[in-house]
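Content type mmCIF, C-alpha atoms (C1' of nucleotides), from the file entry_16.cif:
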```
data_entry
loop_
_atom_site.label_atom_id
_atom_site.label_comp_id
_atom_site.auth_asym_id
_atom_site.auth_seq_id
_atom_site.Cartn_x
_atom_site.Cartn_y
_atom_site.Cartn_z
CA MET A 206 65.16 -57.09 -12.24
CA LYS A 207 61.85 -57.23 -10.47
CA ASP A 208 60.92 -55.07 -7.51
CA ALA A 209 61.19 -56.57 -4.06
CA LYS A 210 57.82 -57.19 -2.47
CA LEU A 211 56.58 -58.23 0.94
CA GLU A 212 54.91 -61.56 0.37
CA LEU A 213 53.45 -64.24 2.56
CA VAL A 214 53.75 -67.71 1.15
CA GLU A 215 53.14 -71.22 2.43
CA PHE A 216 55.51 -74.03 1.54
CA LYS A 217 53.76 -77.12 2.83
CA ASP A 218 56.33 -79.49 1.37
CA THR A 219 59.23 -78.18 3.40
CA CYS A 220 60.31 -78.00 7.01
CA CYS A 221 59.21 -74.38 7.22
CA PRO A 222 55.41 -74.22 7.24
CA VAL A 223 55.30 -70.46 6.74
CA GLN A 224 57.83 -68.48 4.80
CA VAL A 225 57.83 -64.76 4.28
CA MET A 226 59.76 -62.76 1.75
CA LEU A 227 62.24 -60.50 3.37
CA PRO A 228 60.60 -57.09 3.60
CA ASP A 229 61.64 -54.35 1.21
CA GLU A 230 64.37 -53.26 3.56
CA THR A 231 67.82 -51.90 2.91
CA PRO A 232 70.51 -54.40 1.99
CA LEU A 233 72.65 -55.92 4.72
CA THR A 234 75.03 -53.41 6.22
CA ASP A 235 78.67 -54.41 6.45
CA LYS A 236 78.34 -54.80 10.20
CA GLU A 237 75.25 -57.01 9.93
CA ALA A 238 76.94 -59.15 7.29
CA ASN A 239 80.09 -59.47 9.37
CA ASP A 240 78.16 -60.36 12.52
CA LEU A 241 76.23 -63.05 10.64
CA GLU A 242 79.48 -64.28 9.10
CA ASP A 243 81.04 -64.63 12.55
CA LEU A 244 78.03 -66.50 13.86
CA PHE A 245 77.95 -68.99 11.00
CA LYS A 246 81.73 -69.31 11.04
CA VAL A 247 81.63 -70.55 14.60
CA LEU A 248 78.98 -73.07 13.62
CA ALA A 249 80.95 -74.22 10.57
CA ASN A 250 83.01 -76.91 12.27
CA ASP A 251 82.08 -80.49 12.96
CA THR A 252 83.75 -80.59 16.36
CA ARG A 253 81.92 -77.49 17.58
CA LEU A 254 78.64 -78.81 16.16
CA LYS A 255 79.05 -82.08 18.03
CA LEU A 256 79.88 -80.14 21.21
CA LEU A 257 76.75 -78.01 20.87
CA HIS A 258 74.62 -81.02 20.04
CA THR A 259 75.94 -82.82 23.11
CA LEU A 260 75.53 -79.81 25.39
CA ALA A 261 72.01 -79.33 24.09
CA ARG A 262 71.08 -82.74 25.43
CA VAL A 263 72.80 -82.71 28.82
CA GLU A 264 72.55 -79.06 29.93
CA GLU A 265 76.16 -78.94 31.14
CA MET A 266 79.34 -80.98 30.97
CA CYS A 267 83.01 -80.65 31.84
CA VAL A 268 85.81 -80.51 29.30
CA CYS A 269 87.21 -83.97 29.94
CA ASP A 270 83.80 -85.65 29.60
CA LEU A 271 83.17 -83.75 26.37
CA ALA A 272 86.58 -84.81 25.07
CA GLN A 273 85.95 -88.43 25.95
CA SER A 274 82.45 -88.30 24.50
CA LEU A 275 83.83 -87.05 21.18
CA GLY A 276 86.94 -89.21 21.24
CA MET A 277 89.32 -86.28 20.92
CA ASN A 278 92.12 -84.95 23.12
CA VAL A 279 91.38 -82.31 25.72
CA GLN A 280 93.38 -79.47 24.18
CA ALA A 281 91.41 -79.63 20.93
CA ILE A 282 88.10 -79.60 22.82
CA SER A 283 89.15 -76.76 25.10
CA ASN A 284 90.31 -74.84 22.05
CA GLN A 285 86.92 -75.17 20.35
CA LEU A 286 85.01 -74.43 23.56
CA GLN A 287 87.02 -71.21 23.83
CA ARG A 288 85.85 -70.15 20.39
CA LEU A 289 82.25 -70.85 21.33
CA ALA A 290 82.73 -68.93 24.57
CA ASP A 291 84.34 -65.98 22.75
CA ARG A 292 81.13 -65.56 20.74
CA GLY A 293 79.01 -65.87 23.87
CA ILE A 294 77.45 -69.11 22.66
CA VAL A 295 78.51 -71.14 25.69
CA ALA A 296 79.33 -70.11 29.26
CA THR A 297 81.32 -71.73 32.05
CA LYS A 298 80.91 -72.53 35.71
CA ARG A 299 83.81 -73.68 37.85
CA SER A 300 83.22 -76.35 40.46
CA GLY A 301 86.39 -77.62 42.11
CA ASN A 302 88.86 -78.66 39.47
CA MET A 303 86.28 -79.00 36.77
CA ILE A 304 84.86 -76.33 34.50
CA TYR A 305 81.38 -76.99 33.23
CA TYR A 306 80.17 -75.62 29.90
CA ARG A 307 76.57 -74.89 28.94
CA VAL A 308 74.72 -73.34 25.99
CA VAL A 309 73.71 -69.73 26.75
CA ASP A 310 70.97 -68.87 24.24
CA ARG A 311 69.00 -71.95 23.34
CA CYS A 312 67.62 -70.21 20.26
CA LEU A 313 70.86 -71.37 18.71
CA ILE A 314 69.69 -74.94 19.09
CA ASP A 315 66.59 -73.98 17.14
CA ILE A 316 68.84 -72.82 14.33
CA LEU A 317 70.69 -76.12 14.39
CA LYS A 318 67.41 -77.99 14.13
CA LYS A 319 66.22 -75.80 11.26
CA ALA A 320 69.48 -76.46 9.49
CA GLN A 321 69.01 -80.19 9.90
CA CYS A 322 65.47 -79.83 8.53
CA LEU A 323 66.87 -78.01 5.51
CA LEU A 324 69.31 -80.82 4.87
CA ASN A 325 66.52 -83.37 5.20
CA ASP A 326 64.45 -81.40 2.67
CA ALA A 327 67.37 -81.45 0.26
CA GLU A 328 67.77 -85.19 0.81
CA ASN A 329 64.07 -85.89 0.26
CA ASN A 330 63.83 -83.75 -2.89
CA LYS A 331 66.42 -86.07 -4.45
CA MET B 58 76.23 -85.17 34.29
CA LYS B 59 72.46 -85.03 34.12
CA ASP B 60 70.35 -87.21 31.86
CA ALA B 61 69.03 -85.72 28.66
CA LYS B 62 65.30 -85.10 28.77
CA LEU B 63 62.68 -84.08 26.26
CA GLU B 64 61.45 -80.73 27.51
CA LEU B 65 59.13 -78.06 26.24
CA VAL B 66 60.07 -74.60 27.39
CA GLU B 67 58.96 -71.07 26.58
CA PHE B 68 61.51 -68.31 26.30
CA LYS B 69 59.39 -65.20 26.02
CA ASP B 70 62.38 -62.85 26.14
CA THR B 71 63.99 -64.20 23.03
CA CYS B 72 63.32 -64.43 19.31
CA CYS B 73 62.28 -68.05 19.65
CA PRO B 74 58.86 -68.24 21.34
CA VAL B 75 59.01 -72.01 21.82
CA GLN B 76 62.16 -73.97 22.42
CA VAL B 77 62.40 -77.71 22.85
CA MET B 78 65.27 -79.70 24.19
CA LEU B 79 66.76 -81.96 21.61
CA PRO B 80 65.18 -85.36 22.17
CA ASP B 81 67.24 -88.08 23.79
CA GLU B 82 68.60 -89.17 20.47
CA THR B 83 71.96 -90.51 19.47
CA PRO B 84 74.79 -88.00 19.10
CA LEU B 85 75.43 -86.44 15.70
CA THR B 86 76.89 -88.94 13.27
CA ASP B 87 80.01 -87.91 11.41
CA LYS B 88 77.99 -87.51 8.23
CA GLU B 89 75.35 -85.33 9.89
CA ALA B 90 78.05 -83.18 11.48
CA ASN B 91 79.90 -82.83 8.19
CA ASP B 92 76.74 -81.95 6.27
CA LEU B 93 75.86 -79.29 8.85
CA GLU B 94 79.44 -78.02 8.74
CA ASP B 95 79.26 -77.67 4.96
CA LEU B 96 75.97 -75.82 5.17
CA PHE B 97 77.20 -73.34 7.77
CA LYS B 98 80.53 -72.99 6.02
CA VAL B 99 78.83 -71.77 2.88
CA LEU B 100 76.88 -69.26 4.97
CA ALA B 101 79.99 -68.08 6.79
CA ASN B 102 81.04 -65.39 4.33
CA ASP B 103 79.86 -61.80 4.12
CA THR B 104 79.79 -61.74 0.34
CA ARG B 105 77.62 -64.84 0.10
CA LEU B 106 75.35 -63.54 2.86
CA LYS B 107 74.83 -60.28 1.00
CA LEU B 108 74.13 -62.23 -2.19
CA LEU B 109 71.52 -64.38 -0.46
CA HIS B 110 69.98 -61.37 1.25
CA THR B 111 69.74 -59.59 -2.08
CA LEU B 112 68.34 -62.62 -3.92
CA ALA B 113 65.81 -63.12 -1.13
CA ARG B 114 64.33 -59.71 -1.91
CA VAL B 115 64.31 -59.77 -5.71
CA GLU B 116 63.61 -63.42 -6.58
CA GLU B 117 66.25 -63.54 -9.30
CA MET B 118 69.15 -61.48 -10.62
CA CYS B 119 72.01 -61.79 -13.08
CA VAL B 120 75.67 -61.89 -12.10
CA CYS B 121 76.57 -58.42 -13.33
CA ASP B 122 73.69 -56.77 -11.47
CA LEU B 123 74.63 -58.64 -8.30
CA ALA B 124 78.24 -57.55 -8.72
CA GLN B 125 77.24 -53.94 -9.20
CA SER B 126 74.81 -54.10 -6.31
CA LEU B 127 77.58 -55.32 -4.01
CA GLY B 128 80.29 -53.11 -5.50
CA MET B 129 82.57 -56.05 -6.29
CA ASN B 130 84.05 -57.37 -9.50
CA VAL B 131 82.23 -60.04 -11.46
CA GLN B 132 84.74 -62.83 -10.99
CA ALA B 133 84.49 -62.67 -7.22
CA ILE B 134 80.69 -62.75 -7.38
CA SER B 135 80.61 -65.59 -9.88
CA ASN B 136 83.06 -67.49 -7.69
CA GLN B 137 80.82 -67.17 -4.62
CA LEU B 138 77.66 -67.95 -6.59
CA GLN B 139 79.35 -71.15 -7.75
CA ARG B 140 79.88 -72.18 -4.15
CA LEU B 141 76.25 -71.50 -3.35
CA ALA B 142 75.20 -73.45 -6.47
CA ASP B 143 77.49 -76.38 -5.58
CA ARG B 144 75.56 -76.82 -2.32
CA GLY B 145 72.24 -76.52 -4.13
CA ILE B 146 71.37 -73.30 -2.34
CA VAL B 147 70.92 -71.28 -5.52
CA ALA B 148 70.02 -72.33 -9.06
CA THR B 149 70.49 -70.72 -12.46
CA LYS B 150 68.43 -69.94 -15.53
CA ARG B 151 70.04 -68.80 -18.76
CA SER B 152 68.30 -66.14 -20.85
CA GLY B 153 70.40 -64.88 -23.75
CA ASN B 154 73.78 -63.79 -22.49
CA MET B 155 72.69 -63.46 -18.94
CA ILE B 156 72.49 -66.12 -16.27
CA TYR B 157 69.95 -65.48 -13.55
CA TYR B 158 70.43 -66.82 -10.04
CA ARG B 159 67.68 -67.57 -7.53
CA VAL B 160 67.39 -69.11 -4.07
CA VAL B 161 66.18 -72.72 -4.27
CA ASP B 162 64.89 -73.57 -0.79
CA ARG B 163 63.53 -70.50 0.91
CA CYS B 164 63.73 -72.21 4.29
CA LEU B 165 67.29 -71.03 4.17
CA ILE B 166 66.07 -67.46 4.36
CA ASP B 167 64.21 -68.42 7.51
CA ILE B 168 67.51 -69.57 8.98
CA LEU B 169 69.10 -66.24 8.07
CA LYS B 170 66.29 -64.40 9.80
CA LYS B 171 66.57 -66.58 12.91
CA ALA B 172 70.28 -65.90 12.99
CA GLN B 173 69.65 -62.16 12.83
CA CYS B 174 67.14 -62.53 15.67
CA LEU B 175 69.75 -64.36 17.71
CA LEU B 176 72.21 -61.52 17.17
CA ASN B 177 69.56 -58.98 18.16
CA ASP B 178 68.90 -60.95 21.34
CA ALA B 179 72.59 -60.90 22.17
CA GLU B 180 72.68 -57.16 21.49
CA ASN B 181 69.63 -56.49 23.67
CA ASN B 182 70.86 -58.63 26.58
CA LYS B 183 73.86 -56.29 26.81
"C1'" DA C 197 105.35 -77.73 50.36
"C1'" DC C 198 104.15 -81.35 47.42
"C1'" DA C 199 101.95 -84.44 44.06
"C1'" DC C 200 98.04 -84.61 41.26
"C1'" DC C 201 94.35 -83.38 38.22
"C1'" DA C 202 91.64 -80.39 34.91
"C1'" DT C 203 92.13 -76.84 31.97
"C1'" DT C 204 94.36 -73.38 29.21
"C1'" DC C 205 98.25 -71.10 26.62
"C1'" DC C 206 101.52 -71.20 22.99
"C1'" DA C 207 104.02 -72.21 18.73
"C1'" DC C 208 103.78 -74.95 14.77
"C1'" DA C 209 102.59 -77.33 10.22
"C1'" DA C 210 99.10 -78.78 7.05
"C1'" DA C 211 95.05 -77.52 4.97
"C1'" DC C 212 91.65 -74.37 3.43
"C1'" DT C 213 89.54 -69.65 1.87
"C1'" DC C 214 89.03 -65.46 -0.86
"C1'" DG C 215 89.73 -61.80 -4.01
"C1'" DT C 216 92.68 -60.69 -8.13
"C1'" DG C 217 94.17 -60.91 -12.83
"C1'" DT C 218 94.43 -63.42 -17.03
"C1'" DA C 219 92.49 -66.43 -20.19
"C1'" DA C 220 88.82 -69.29 -21.91
"C1'" DT C 221 83.79 -70.27 -23.00
"C1'" DA C 222 79.23 -69.11 -24.71
"C1'" DG C 223 75.56 -66.31 -26.66
"C1'" DT C 224 74.15 -62.01 -29.61
"C1'" DG C 225 74.17 -59.05 -33.53
"C1'" DT C 226 76.27 -57.45 -37.91
"C1'" DA D 277 83.74 -64.51 -39.61
"C1'" DC D 278 83.98 -60.80 -36.45
"C1'" DA D 279 83.37 -57.73 -32.49
"C1'" DC D 280 81.07 -57.50 -28.25
"C1'" DT D 281 79.09 -58.82 -23.77
"C1'" DA D 282 78.27 -62.02 -19.84
"C1'" DT D 283 80.06 -65.60 -17.37
"C1'" DT D 284 83.30 -69.03 -15.89
"C1'" DA D 285 87.98 -71.51 -15.24
"C1'" DC D 286 92.48 -71.26 -13.54
"C1'" DA D 287 96.63 -70.16 -10.95
"C1'" DC D 288 98.49 -67.24 -7.50
"C1'" DG D 289 99.48 -65.06 -2.82
"C1'" DA D 290 97.95 -63.40 1.59
"C1'" DG D 291 95.39 -64.64 5.29
"C1'" DT D 292 92.83 -67.93 8.41
"C1'" DT D 293 91.69 -72.38 10.70
"C1'" DT D 294 92.54 -76.72 13.21
"C1'" DG D 295 94.59 -80.41 15.71
"C1'" DT D 296 99.08 -81.54 18.11
"C1'" DG D 297 102.57 -81.56 21.64
"C1'" DG D 298 104.83 -79.23 25.30
"C1'" DA D 299 104.52 -76.03 28.92
"C1'" DA D 300 102.05 -73.11 32.20
"C1'" DT D 301 98.03 -72.07 35.39
"C1'" DG D 302 94.89 -73.03 39.08
"C1'" DG D 303 92.39 -75.83 42.36
"C1'" DT D 304 92.43 -80.18 45.63
"C1'" DG D 305 94.13 -83.15 49.15
"C1'" DT D 306 97.93 -84.86 52.08
#
```

Would you mind giving the structure from this file in structure tokens?
Amino acid sequence: MKDAKLELVEFKDTCCPVQVMLPDETPLTDKEANDLEDLFKVLANDTRLKLLHTLARVEEMCVCDLAQSLGMNVQAISNQLQRLADRGIVATKRSGNMIYYRVVDRCLIDILKKAQCLLNDAENNK
Amino acid sequence: MKDAKLELVEFKDTCCPVQVMLPDETPLTDKEANDLEDLFKVLANDTRLKLLHTLARVEEMCVCDLAQSLGMNVQAISNQLQRLADRGIVATKRSGNMIYYRVVDRCLIDILKKAQCLLNDAENNK
DNA sequence: ACACCATTCCACAAACTCGTGTAATAGTGT
DNA sequence: ACACTATTACACGAGTTTGTGGAATGGTGT
């Protein structure tokens, strides 16, 4: 079992031009691990991913348009939007009857893109 | 419902120095959404996150050491390592009795770090 | 007050997840 | 062949997730 080191490495053949080893820090605390788990859990659903991908492109949209755009019934979409809202990933704005949803922290979209890059890497490397 | 635009924006107050709108591309296909779902699903577990975080710092480790390091029994660890291996996230190398696991594509570690940054942002912005 | 619309709440069934305990597999050394 | 260690396979039960259908909430316009 080798010692952990702080390294700086370039991986030119991947989506991530510069990769660093994690520093020689303490292991994940239970709270950190649980917070990360919650974040990834809310991303681990195709409906929510399509919602985020759609919202990323149009800034904001109401529930019925999102439902129509995904070809699903409104209850299911509202249900998933609630879960995204619970985690603070999306926020709402009421305007008349309609409630418009938007992505709060667009860093999340960066994570989605990195994840797609990772999948492309895996695809390309056979 | 505004049109999607290709934008380049700086968010200096977040972990992501440069954020781009997703280009005006087609919505996620079912396959893309399912692949992303599978990726995030395998990350959405505290045990697997701790395993990846540990492996990121030591390059490679055998099952029993990982189990001891996490304070869990070997079957549970082997079970979760299998899931990571099924998705091609970790790979194995046998040496005598022991089987050593390592992270395959270290871009994944970059995603973990970005996710932690996102959580820190959320923490800092109250 | 009333009809109407968008959204949310609730209970439910089917499906999935995870750690546990037992048993099986595989390599090492005598 | 045998004992021993490391790892994996399997079945099980408790818990969680997701879409569905029906009902409730809240705003709009007449």

Which residues are close to DC212 of chain C, i.e. within 12 Å by all atoms listed in the file, leaving aside same-chain residues fewer than 3 positions away? Reply as a PyMOL selection string. (chain B and resi 98) or (chain D and resi 291-294)

Expected selection from the PyMOL selection byres ((chain C and resi 206) around 10), given as a PDB file with C-alpha atoms (C1' of nucleotides), in the frame of the given file:
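Printed below is part37.pdb as written:
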```
ATOM      1  C1'  DT C 204      94.360 -73.380  29.210  1.00  0.00           C
ATOM      2  C1'  DC C 205      98.250 -71.100  26.620  1.00  0.00           C
ATOM      3  C1'  DA C 207     104.020 -72.210  18.730  1.00  0.00           C
ATOM      4  C1'  DC C 208     103.780 -74.950  14.770  1.00  0.00           C
TER       5       DC C 208
ATOM      6  C1'  DG D 298     104.830 -79.230  25.300  1.00  0.00           C
ATOM      7  C1'  DA D 299     104.520 -76.030  28.920  1.00  0.00           C
ATOM      8  C1'  DA D 300     102.050 -73.110  32.200  1.00  0.00           C
TER       9       DA D 300
END
```

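Nearest-residue note for Asp291 of chain A: choosing from A:Ala238, A:Val309, A:Ile304, A:Ala249, the minimum distance belongs to A:Val309, counting all atoms listed in the file.
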
I need the output of the PyMOL selection byres ((chain C) within 8 of (chain A)) for this file as a ChimeraX atom specification; which residues are they? /C:201-204

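Proximity of A:Thr259, A:Ser300, A:Gln273, A:Thr231 to chain D, computed with all atoms listed in the file, is greatest for A:Ser300.
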
Judged by all atoms listed in the file, the minimum distance to chain B among A:Asn278, A:Thr234, A:Asn250, A:Thr297 is found for A:Asn250

Would you compute the distance between atom C1' of DT224 of chain C and atom CA of Tyr158 of chain B? Give it in Å to one decimal. 20.5 Å

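Comparing A:Arg299, A:Arg311, A:Lys318, A:Arg262 by their smallest distance to chain D, the closest is A:Arg299 (using all atoms listed in the file).
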